[in-house]
Structures are given as C-alpha cells and as structure tokens.
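*Asks:* Sharing a structure here in structure tokens format.
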Amino acid sequence: MSNPKSAYNIPTKKSKSGTHIIVVWVDNEAGVLARVVGLFSGRGYNIESLAVAEVDAMKNISRITIVTTGTPQVIDQIKLQLKKLVPVHKVADFKREDKNVIFKEMALLKVVGNRSKIDKCLKACKTFNPVILDKTKKSVVIQITALRREIDKMNKKLKSNGLISTSRTGAIAMTRGSEIFK
Amino acid sequence: MSKLYSGAEIVFKCLEDQDVEFIFGYPGGAVLPIYDELKNHSSIKHILVRHEQGAGHAAEGYARSSGKPGVVLVTSGPGATNVVTALTDAYMDSVPLVCISGQVPTHLIGTDAFQECDTTGITRPCTKHNWLVKDIKELSKTLHEAFRVATTGRPGPVLVDIPKDIQFAKIKYTKPKKEKKSNGKLHNNFSQDEINELVDLIAKAKRPVVYTGGGVINSGPEASDSLREFVRMIGFPITSTLQGLGAFPGDDSQFIGMLGMHGTYEANNAMHDCDLLINIGARFDDRITGKIDEFSPKSKKVHIDIDPSSINKIIKVDLAIVGDVNEVLKAAVKTISQKKNGFKNSNKQNVSKWWEKIEKWREKDSLGFINSKETIKPQHAVRRLYELTKNQDTFITTEVGQHQMWAAQHYKFNKPNRWMTSGGLGTMGYGLPAAVGVQIAHPDKLVIDIAGEASVLMTMQEMSTAVQYNLPIKIFVLNNQYMGMVRQWQELLHEKNYSESYSEALPDFVKLAEAYGCKGIKADNPDELDLKINEMLEHKGPVIFDCRVDPNENCFPMIPSGKPHNQMILGPNDKKDNKITGKGKALV
C-alpha cells in the first residue's frame, strides 16, 4: 500500500510488458504527428523510436512506425485510442518477435582514424549491408541497415575504432510475403 | 456565377444548415467579422456570457438537456484559453460541443502577435478533434465535419480555429453533402450472436445487476425507454453512475440507487456479490470501481459501449458489445421476447432470492442521516427541495463537492436529460452557467442549480447573464462555509487538519443577488425551510438561495480509497460503524 492517503486506486500486480511495433496510416496534414505523439505522452505510453514519412502522395497518406513497450492491456489501449483519432486510417501492431515481419533501422556512422581503424570498422559492419557514402584519408561515413539491438552493439563496439558520430532512424516494418496489412 | 460569401457569412450559413438556434459566446478582436455578421441571421440567437468558461459550460448544459450540440464562439488568445476547462469537462463527460474560436490573421500566426496562442495545440488533448482553417476553401467543409465528429459515435467537443483573414475572405458556399461514413469512426456493428450470448447470460444469472451510465443518456431519450423495457422485462436490480441518473426512474423499486464512492449500500454490495454484471454505457471509472483487484470478483461481466477503447480499459470483461445503447437494447428486448416458454417468469424466479438479499441491504437505509431541529441538514434541504419540486418537470444542475453527492443521493430523477453535473473532470463552477444553458433550451421549465458556496463563486459572474436574458434559474446554495468535500477528506484522512478549506469573508449572498438585480433569499432554520423554498419557486426571476446548513456534516455512505465495494463507511446512523473516525482512519 504505497500511498494510503490517496483518493485513487493503489496499483497492484502488473502483467508482463512486451515490445511492439505499431504502424499507423494517417492523413498527411498539419499537426497529425503531434496528435499521435501527444496521445502517447498524455496517456503515459512510451515511445522507443519513431519513423514518419509520406508514403502515398496521391492519397496524402503518411505512415508512422512507433516502437513501444507495454503490457497487453496497454498495447490494446494504444491501438484503440489511435483508431479514435480522426486522421487515422488504420493501425497495425506487430510483436518484435514476430517472424513474419521485417524490422529495419538505418544508421550513419562517422569514423575518424587511420587506415587500419577504418578497415576494422568496415569489416565489423560487413553483415549489415555497409555502404560507404563518403571517404577521405582520415575519415569515412558508413551507412548500415540492421536491427535496433545490432546497431546498439555496433555503436558500442566501434567507439574504440574511431566512431565519433552516429545518426540513426527509428525502426520501420514490413510484413513478409505477398500479403499486406489491411 | 453563384454568389460569393465571406468566411464570416459561411460560418452562419453552416450554423443555419446545422439547425443551430443558440450560440454562447464572448466577442473579441479576432472574431469581430463573425460578430458583425450576427445581425443578418435572425434564426440564430447569441447569448452573451461574462467569461468564456461560462460559455462552454452553458453550451454543455444546453447540449445535455436538449440532446443537441452546444455551440460556443470565442476570440483568440485568452478567449480560447478560458474555454479550455469547459472543453476538457465536455471531453470527460462526452458532451457534444462545437467551439469556434477566432485566430490572428494567417500571416501573423507564429509571430507572437497580440492575443495569439496556439489554440489547436492547447486544445488538442481536450477535444475529439480540432482544425485550424488556413484556406477559405476548407471552411464550410470543416465546419460541417466538426458537427459530424462532435455528435457521432461517443459525442464530445471539437474546436474550429478561424484566422481573421479567413473570416474576411470570399468564396462560394456549398451545402453539406449527405453523410458519408468516414474513417469508420462509427461503431455500430454488433452481431446477433453477441445479443444471443447476452440473453443466455441473462437467463442463467442468479445474482445479476445492471449498471448503467451516461451512455444511455447520450444515446437519446429512446434509449431510456428501451432500458426501462429491458430492465422490467428481465426483472433485475439496476444501479446507475452519477452521469446515468434519470435513465431509469429513481423512485422505481427495481432501482437500487447510485453506486460508487458515495453510492448506496445495496448498490455497492450488489456490485460486489453479483454473478452477472451488465454495464450499459458506463466506463468503469475509478469512482465506481474502488479497488480494481477486488471489483465484483465473482461475476461474468458484459460491457455495452459505443467506444471500443472503453472496453477492457480498466476491467476485463467476458462479453463486449460495441454499439449504440439503444440499438443493442432494442435487439436484446426483441430476442428475449422471441424466446418461447415464458423466459420472463422463470428468470424472475431465479433472481427472487437475490432480491431478498438486496432488500436486507436496503433496510440499512444507507442514505439515512440524523436530522436536526436546530440546524438545516444539507440532506434534509435537498429532500425538501425534491418534495416541493417533484410535481413539475425540473432540471437540476450542480457544482462539484458534497452538495453534488447529496443532490445525486437525495433528489430522484425520473427522466433522462434532467440532471447535469460535472462528473469526469469535477469542475467547480459548472452548475451556474450550465443552468443558464439549460434554461435557454427549456425556457418554461424549472431549472435549479444545487450549489455549494465555494463552487458557485467560481462562476458567479454568470448571474449577470441570467439577469440579462430573464432566465429564472434558481441557485440553491448549500452554504456550509467550507469546501465541504475537501474538509471531509481532511477529517477522514488528514487528522482533521483543515488546511485552507474554510472560506473566510464569504459574501452576503442575499446582497450579492440584489447587486446582480435578482432576488436573494436566506434560510438558516429548518422550520422556515419549506416556506422559503416555496418563495424561491414562486419568484418569476432568477434567485440565489442562501441555505445555511450544518458545516460539519459529512457525505455518507462512502467507499474509502483503495477499498472494495463491500467495505463501506456508513453514516453516523449505523450503530455498527459508529466509531467512524477511529475506524475510518484505520481503513484508509
């Protein structure tokens, strides 16, 4: 009984929380992102990462991908509350463990150092589709695409090899196979 | 070529096409073009309030008592920020409001111009949706969409922010097209299977209870008729939330009173011990459920609601029916009557033992209080007010606090839309402006604001509105000189440290009434109470009634915080729990 003088309920046991990727299709209009993000902050839901861009210029539709954690009850509320927003068309929810869904994040890594350090970095990035976007004698900018935790790992690992700056996107998601989410 | 209209004209064309009769508003720089246009539209009457919050609450009172959306018109900046409380209140209690706010001209937006504020930003979390109209071409479409969003599905407030240059700009006007379902925001696609399941549960139940809420009222007067038919058919006990009062007659024997924190002993015990709980248009609010883990532990739960996000939000239910209350109840009634072999009779036998138990709880008379010959007890005052007004079609509004609970407990409502109170947000100062709005919608009916002296002072300025429009509202102030509910919590939970809950230097309400140009009446003796109430009722104009009541009275029964329904504190009349202070402290 944490606060016996409260007029409110005392929270008791909580069910297990899991990571979900919520994809929201919205009308691309002024303030729509604020509505979605405001719903999360206002109701105390958490946002781990966020990626937004227009995906259909004709129909004016943007796709928002949000990585969030919560108990099943909270995830349900997130979906239902999102669906109530007027500019929201549809809401999809994927579990991070879901094998039928591809999740990817992109990162730009700037490495400054001598040849051998740069080579070490490139080697380490090998499994994450590295693309060299810029190269000088002392530096390189590498683009990689990977899972969030893989980028987290690279971010740590390359520090000693001259990684001085990281820029990364939020996760985006797509189902495997020919089906699309309706 | 068709005629060109200014933005301001289009605002009125839209309001006319939406059959709006009244706007509650307050002028200012950024809405002057709209105010200039007002004179050309005789079918729309503007009610000038004294503060924008008052406009919002008046529109709420209008909407709740008439079933039509309330329309508010305010200026930019402070006009818009003042109306935020009312919008939030309407959002919490699902009241349809359309608020039109002026904004600085589009080229000045973002420059910190005079009376500029980010209105759509500020009101985003307290409206169903809002719009900033930056293009005159969007104006009529947006306004019609605003009315649609406010009134469909679970109703609520919306706001349309119109920059001043848009109000001057000219364009053709197109009438609204026939409703097209947009974005699937209407949820009324329950299935017959779900109804059958509900009917099965009803047939099997031995200890059922029906728990209704504001959704029944919002579904329209027909929904109350359907509810009455449904409940009488199945013979179950019915309880109601604060917002649902009036949907089922308060003096009916099947009605076991309001439930929740200050609900009756029988209603809360029935909720706790039942084996079937049918929630119709309520949302398992924390004032209702008490301790969630021990909420109605033995029951199957059914939830009928138009808002899918209300389902499983607080309480997991076994059967969810997403739809309009009236439609669902009509379908249920139809299905029950189609069943052969006297389903009704056998079912009523099933629950007869349950009723016996409920009658035992009822004998506790949990709303009882010790009356006094010396001082007016607030409960007694509300009961006398009820007795003296029950023969007319009376509309009651309230402020927030002890008086609100006493009104809910002791005034009996027999029709929907007769009870307007701020439940979700708990806005002190709601009742007086709401009474203004109710009286506008029902000019010939008796409208009473049962008030507390602290609450009513928050929006007292609206008395001036009532006087201006000859609205004979009666402000029945239960004056105990305390913020009563605060004082009660301090007594029970904070060792009687009455920190800042006593109002010193209260005004003389009789003189205050006279200053506003209306009648003031004061009563401080139980003997003269009836006489004075009658004097108030007979007076043709607005009245402030200063009813001096016992300042130390507490509102019982009460479920203390973090406790389940079956552990209530009863009033001082109950011998077993007479050690209220000692036990109350230990309980909470």
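Ligands are numbered from 1 in the order shown, residues from 1 within each chain, and chains are lettered A, B, ... in the order they appear in the structure tokens.
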How close does chain B get to chain A? List, as JSON lines, each residue of chain B within 8 Å, its nearest atom pair and the distance in Å to one decimal, counting only C-alpha atoms.
*Replies:*
{"residue": "B:Arg124", "atom": "CA", "partner": "A:Arg35", "partner_atom": "CA", "distance": 7.0}
{"residue": "B:Pro125", "atom": "CA", "partner": "A:Gly38", "partner_atom": "CA", "distance": 7.3}
{"residue": "B:Lys128", "atom": "CA", "partner": "A:Leu85", "partner_atom": "CA", "distance": 7.4}
{"residue": "B:His129", "atom": "CA", "partner": "A:Val86", "partner_atom": "CA", "distance": 6.7}
{"residue": "B:Asn183", "atom": "CA", "partner": "A:His89", "partner_atom": "CA", "distance": 5.9}
{"residue": "B:Lys185", "atom": "CA", "partner": "A:Lys84", "partner_atom": "CA", "distance": 6.7}
{"residue": "B:Asp286", "atom": "CA", "partner": "A:Tyr8", "partner_atom": "CA", "distance": 7.1}
{"residue": "B:Gly290", "atom": "CA", "partner": "A:Asn9", "partner_atom": "CA", "distance": 6.7}
{"residue": "B:Lys291", "atom": "CA", "partner": "A:Asn9", "partner_atom": "CA", "distance": 5.8}
{"residue": "B:Ile292", "atom": "CA", "partner": "A:Asn9", "partner_atom": "CA", "distance": 7.3}
{"residue": "B:Asp293", "atom": "CA", "partner": "A:Thr12", "partner_atom": "CA", "distance": 7.8}
{"residue": "B:Pro308", "atom": "CA", "partner": "A:Leu80", "partner_atom": "CA", "distance": 6.6}
{"residue": "B:Ser309", "atom": "CA", "partner": "A:Leu80", "partner_atom": "CA", "distance": 4.9}
{"residue": "B:Asn312", "atom": "CA", "partner": "A:Gln73", "partner_atom": "CA", "distance": 7.5}
{"residue": "B:Lys313", "atom": "CA", "partner": "A:Gln77", "partner_atom": "CA", "distance": 6.6}
{"residue": "B:Leu493", "atom": "CA", "partner": "A:Lys5", "partner_atom": "CA", "distance": 6.1}
{"residue": "B:His494", "atom": "CA", "partner": "A:Lys5", "partner_atom": "CA", "distance": 7.8}
{"residue": "B:Pro560", "atom": "CA", "partner": "A:Ala7", "partner_atom": "CA", "distance": 7.8}
{"residue": "B:Ser561", "atom": "CA", "partner": "A:Ala7", "partner_atom": "CA", "distance": 5.1}
{"residue": "B:Gly562", "atom": "CA", "partner": "A:Asn9", "partner_atom": "CA", "distance": 5.0}
{"residue": "B:Val588", "atom": "CA", "partner": "A:Pro4", "partner_atom": "CA", "distance": 5.8}
*Asks:* Please write the residues from the selection above to a file, keeping N, CA and C atoms, as a tab-separated table (two decimals), in the first residue's frame.
*Replies:*
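Printed below is out01.tsv as written:
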chain	number	residue	atom	x	y	z
B	124	ARG	N	-5.74	20.35	-28.33
B	124	ARG	CA	-5.63	19.03	-28.97
B	124	ARG	C	-5.97	17.90	-28.00
B	125	PRO	N	-5.43	17.89	-26.77
B	125	PRO	CA	-5.76	16.77	-25.89
B	125	PRO	C	-7.13	16.87	-25.23
B	128	LYS	N	-12.21	16.04	-29.28
B	128	LYS	CA	-12.19	14.84	-30.11
B	128	LYS	C	-11.32	15.10	-31.33
B	129	HIS	N	-11.42	16.31	-31.86
B	129	HIS	CA	-10.59	16.72	-32.98
B	129	HIS	C	-10.66	18.24	-33.06
B	183	ASN	N	-13.74	7.12	-42.25
B	183	ASN	CA	-12.76	6.56	-41.33
B	183	ASN	C	-13.28	5.53	-40.34
B	185	LYS	N	-15.38	5.72	-37.96
B	185	LYS	CA	-15.42	6.16	-36.58
B	185	LYS	C	-16.77	5.87	-35.93
B	286	ASP	N	-12.86	5.21	-11.90
B	286	ASP	CA	-12.28	4.84	-10.61
B	286	ASP	C	-13.17	5.22	-9.41
B	290	GLY	N	-13.71	1.41	-7.15
B	290	GLY	CA	-12.93	1.20	-5.93
B	290	GLY	C	-11.71	0.38	-6.27
B	291	LYS	N	-11.34	-0.52	-5.39
B	291	LYS	CA	-10.14	-1.33	-5.63
B	291	LYS	C	-10.37	-2.30	-6.79
B	292	ILE	N	-9.56	-2.16	-7.83
B	292	ILE	CA	-9.78	-2.91	-9.06
B	292	ILE	C	-9.68	-4.42	-8.84
B	293	ASP	N	-8.69	-4.84	-8.07
B	293	ASP	CA	-8.47	-6.28	-7.89
B	293	ASP	C	-9.63	-6.99	-7.21
B	308	PRO	N	-15.02	1.64	-28.57
B	308	PRO	CA	-14.27	0.39	-28.36
B	308	PRO	C	-13.11	0.57	-27.39
B	309	SER	N	-12.59	1.79	-27.25
B	309	SER	CA	-11.45	1.96	-26.36
B	309	SER	C	-11.87	1.95	-24.88
B	312	ASN	N	-12.35	-3.14	-21.80
B	312	ASN	CA	-11.12	-3.71	-21.23
B	312	ASN	C	-10.08	-2.65	-20.85
B	313	LYS	N	-10.48	-1.41	-20.78
B	313	LYS	CA	-9.52	-0.36	-20.40
B	313	LYS	C	-9.16	-0.49	-18.92
B	493	LEU	N	-8.89	11.68	6.49
B	493	LEU	CA	-7.59	11.19	6.01
B	493	LEU	C	-6.40	12.01	6.50
B	494	HIS	N	-6.65	13.23	6.91
B	494	HIS	CA	-5.51	14.08	7.25
B	494	HIS	C	-5.61	14.65	8.66
B	560	PRO	N	-13.96	4.08	1.16
B	560	PRO	CA	-12.67	4.75	1.28
B	560	PRO	C	-11.74	4.31	0.16
B	561	SER	N	-10.71	5.09	-0.03
B	561	SER	CA	-9.79	4.81	-1.14
B	561	SER	C	-9.19	3.42	-1.01
B	562	GLY	N	-8.96	2.80	-2.14
B	562	GLY	CA	-8.29	1.51	-2.16
B	562	GLY	C	-9.07	0.39	-1.52
B	588	VAL	N	-8.33	3.75	5.78
B	588	VAL	CA	-7.82	4.40	4.57
B	588	VAL	C	-6.33	4.69	4.61
*Asks:* Excluding region 524-539 of chain B and its own-chain neighbours fewer than 3 positions away, which residues fall within 7 Å of it when counting only C-alpha atoms? Please give them as a list in words.
*Replies:* Lys373, Glu374, Thr375, Ile376, Arg384, Leu385, Val543, Cys547, Arg548 and Val549 of chain B
*Asks:* Separation of CA of Thr68 (chain A) and CA of Trp131 (chain B), in Å?
*Replies:* 28.0 Å
*Asks:* Just give me the gap between CA of Lys563 (chain B) and CA of Ile358 (chain B) in Å, one decimal is fine.
*Replies:*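 Going from CA of Lys563 (chain B) over to CA of Ile358 (chain B), I get 20.7 Å.
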*Asks:* For a test of reading the model, state the distance in Å between CA of Ala523 (chain B) and CA of Phe509 (chain B), rounded to one decimal.
*Replies:*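 Separating CA of Ala523 (chain B) from CA of Phe509 (chain B) is a distance of 11.2 Å.
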*Asks:* Quick one: residues within 10 Å of Val436 (chain B), only C-alpha atoms, excluding same-chain residues fewer than 2 positions away - as an MDAnalysis selection string?
*Replies:* chainID B and resid 47 49 54:55 57:62 397 431:434 438:443 447:449 462:463 465:467 469 471:474
*Asks:* What's the 12 Å shell around Asp98 (chain A), counting only C-alpha atoms, without same-chain residues fewer than 5 positions away, as a PDB file with N, CA and C atoms, in the first residue's frame?
*Replies:*
ATOM      1  N   GLY A  18       5.765  -6.137 -23.115  1.00  0.00           N
ATOM      2  CA  GLY A  18       6.490  -6.601 -24.298  1.00  0.00           C
ATOM      3  C   GLY A  18       6.714  -5.462 -25.275  1.00  0.00           C
ATOM      4  N   THR A  19       7.636  -5.677 -26.214  1.00  0.00           N
ATOM      5  CA  THR A  19       7.912  -4.644 -27.202  1.00  0.00           C
ATOM      6  C   THR A  19       7.053  -4.869 -28.447  1.00  0.00           C
ATOM      7  N   HIS A  20       6.407  -3.827 -28.873  1.00  0.00           N
ATOM      8  CA  HIS A  20       5.548  -3.913 -30.056  1.00  0.00           C
ATOM      9  C   HIS A  20       5.920  -2.822 -31.037  1.00  0.00           C
ATOM     10  N   ILE A  21       5.693  -3.123 -32.305  1.00  0.00           N
ATOM     11  CA  ILE A  21       5.862  -2.110 -33.336  1.00  0.00           C
ATOM     12  C   ILE A  21       4.459  -1.756 -33.841  1.00  0.00           C
ATOM     13  N   ASP A  93      -0.288  -3.736 -35.524  1.00  0.00           N
ATOM     14  CA  ASP A  93       0.513  -3.974 -34.323  1.00  0.00           C
ATOM     15  C   ASP A  93       1.293  -5.264 -34.512  1.00  0.00           C
ATOM     16  N   PHE A 103      11.836  -5.992 -39.573  1.00  0.00           N
ATOM     17  CA  PHE A 103      12.081  -4.698 -38.927  1.00  0.00           C
ATOM     18  C   PHE A 103      13.462  -4.230 -39.306  1.00  0.00           C
ATOM     19  N   ALA A 173       8.866  -1.130 -40.521  1.00  0.00           N
ATOM     20  CA  ALA A 173       8.460  -2.533 -40.569  1.00  0.00           C
ATOM     21  C   ALA A 173       7.698  -2.840 -41.839  1.00  0.00           C
ATOM     22  N   MET A 174       7.771  -4.094 -42.253  1.00  0.00           N
ATOM     23  CA  MET A 174       7.025  -4.561 -43.418  1.00  0.00           C
ATOM     24  C   MET A 174       6.778  -6.054 -43.247  1.00  0.00           C
ATOM     25  N   THR A 175       5.566  -6.498 -43.583  1.00  0.00           N
ATOM     26  CA  THR A 175       5.287  -7.933 -43.476  1.00  0.00           C
ATOM     27  C   THR A 175       5.994  -8.686 -44.597  1.00  0.00           C
ATOM     28  N   ARG A 176       6.338  -9.949 -44.352  1.00  0.00           N
ATOM     29  CA  ARG A 176       6.925 -10.804 -45.381  1.00  0.00           C
ATOM     30  C   ARG A 176       5.826 -11.342 -46.296  1.00  0.00           C
TER      31      ARG A 176
END
*Asks:* Counting only C-alpha atoms, what is within 6 Å of region 234-248 of chain B, bar same-chain residues fewer than 3 positions away, as a PyMOL selection string?
*Replies:* chain B and resi 209-214+224+231+254-259+348+413-416
*Asks:* Next, the residues of the selection above should be written as a short mmCIF file (atom, residue, chain, number, x, y, z; two decimals), in the first residue's frame with C-alpha atoms.
*Replies:*
data_model
loop_
_atom_site.label_atom_id
_atom_site.label_comp_id
_atom_site.auth_asym_id
_atom_site.auth_seq_id
_atom_site.Cartn_x
_atom_site.Cartn_y
_atom_site.Cartn_z
CA VAL B 209 -27.12 -6.44 -11.59
CA VAL B 210 -27.49 -3.85 -14.35
CA TYR B 211 -25.07 -0.92 -14.11
CA THR B 212 -25.90 1.99 -16.40
CA GLY B 213 -24.08 5.20 -17.21
CA GLY B 214 -24.12 8.40 -19.21
CA SER B 224 -34.02 5.29 -21.73
CA VAL B 231 -34.92 -3.99 -17.18
CA GLN B 254 -36.07 -2.02 -9.19
CA PHE B 255 -33.70 0.93 -8.89
CA ILE B 256 -31.23 0.35 -6.06
CA GLY B 257 -29.65 3.78 -6.13
CA MET B 258 -26.40 5.21 -7.36
CA LEU B 259 -23.24 3.13 -6.98
CA LYS B 348 -37.70 -13.77 -12.28
CA PHE B 413 -34.73 11.66 -11.30
CA ASN B 414 -37.41 10.05 -13.39
CA LYS B 415 -36.48 11.25 -16.85
CA PRO B 416 -33.23 11.47 -18.80
#
*Asks:* Write down as a PyMOL selection string the residues belonging to region 13-177 of chain A that are assigned alpha helix (DSSP H) by DSSP computed on the backbone.
*Replies:* chain A and resi 32-42+72-84+115-124+148-157
*Asks:* Output C-alpha atoms for every residue in that selection, as a compact mmCIF listing (two decimals), in the first residue's frame.
*Replies:*
# COMPACT_ATOMS: atom_id res chain seq x y z
CA VAL A 32 -1.15 14.87 -37.21
CA LEU A 33 2.17 13.76 -35.75
CA ALA A 34 1.53 15.94 -32.71
CA ARG A 35 -1.82 14.19 -32.22
CA VAL A 36 -0.23 10.76 -32.31
CA VAL A 37 2.75 11.67 -30.16
CA GLY A 38 0.57 13.71 -27.79
CA LEU A 39 -1.68 10.71 -27.29
CA PHE A 40 1.35 8.67 -26.23
CA SER A 41 2.74 11.27 -23.85
CA GLY A 42 -0.67 12.30 -22.50
CA PRO A 72 -1.02 -6.44 -23.43
CA GLN A 73 -3.70 -4.20 -21.91
CA VAL A 74 -1.68 -1.05 -22.61
CA ILE A 75 -0.89 -2.13 -26.18
CA ASP A 76 -4.62 -2.73 -26.75
CA GLN A 77 -5.41 0.72 -25.41
CA ILE A 78 -2.76 2.29 -27.65
CA LYS A 79 -4.33 0.70 -30.71
CA LEU A 80 -7.89 1.59 -29.75
CA GLN A 81 -7.03 5.14 -28.78
CA LEU A 82 -5.10 5.64 -32.04
CA LYS A 83 -8.05 4.35 -34.04
CA LYS A 84 -10.24 7.03 -32.46
CA ARG A 115 43.53 3.23 -42.49
CA SER A 116 43.59 0.21 -40.21
CA LYS A 117 40.95 1.57 -37.85
CA ILE A 118 38.66 2.38 -40.76
CA ASP A 119 39.16 -1.07 -42.23
CA LYS A 120 38.39 -2.66 -38.91
CA CYS A 121 35.12 -0.75 -38.78
CA LEU A 122 34.16 -1.70 -42.29
CA LYS A 123 34.87 -5.31 -41.51
CA ALA A 124 32.76 -5.19 -38.39
CA ARG A 148 17.92 -1.89 -33.34
CA ARG A 149 19.95 -4.03 -30.95
CA GLU A 150 22.54 -4.76 -33.65
CA ILE A 151 23.05 -1.06 -34.20
CA ASP A 152 23.24 -0.58 -30.43
CA LYS A 153 26.00 -3.18 -30.39
CA MET A 154 27.94 -1.66 -33.29
CA ASN A 155 27.63 1.72 -31.69
CA LYS A 156 29.44 0.43 -28.61
CA LYS A 157 31.92 -1.74 -30.40
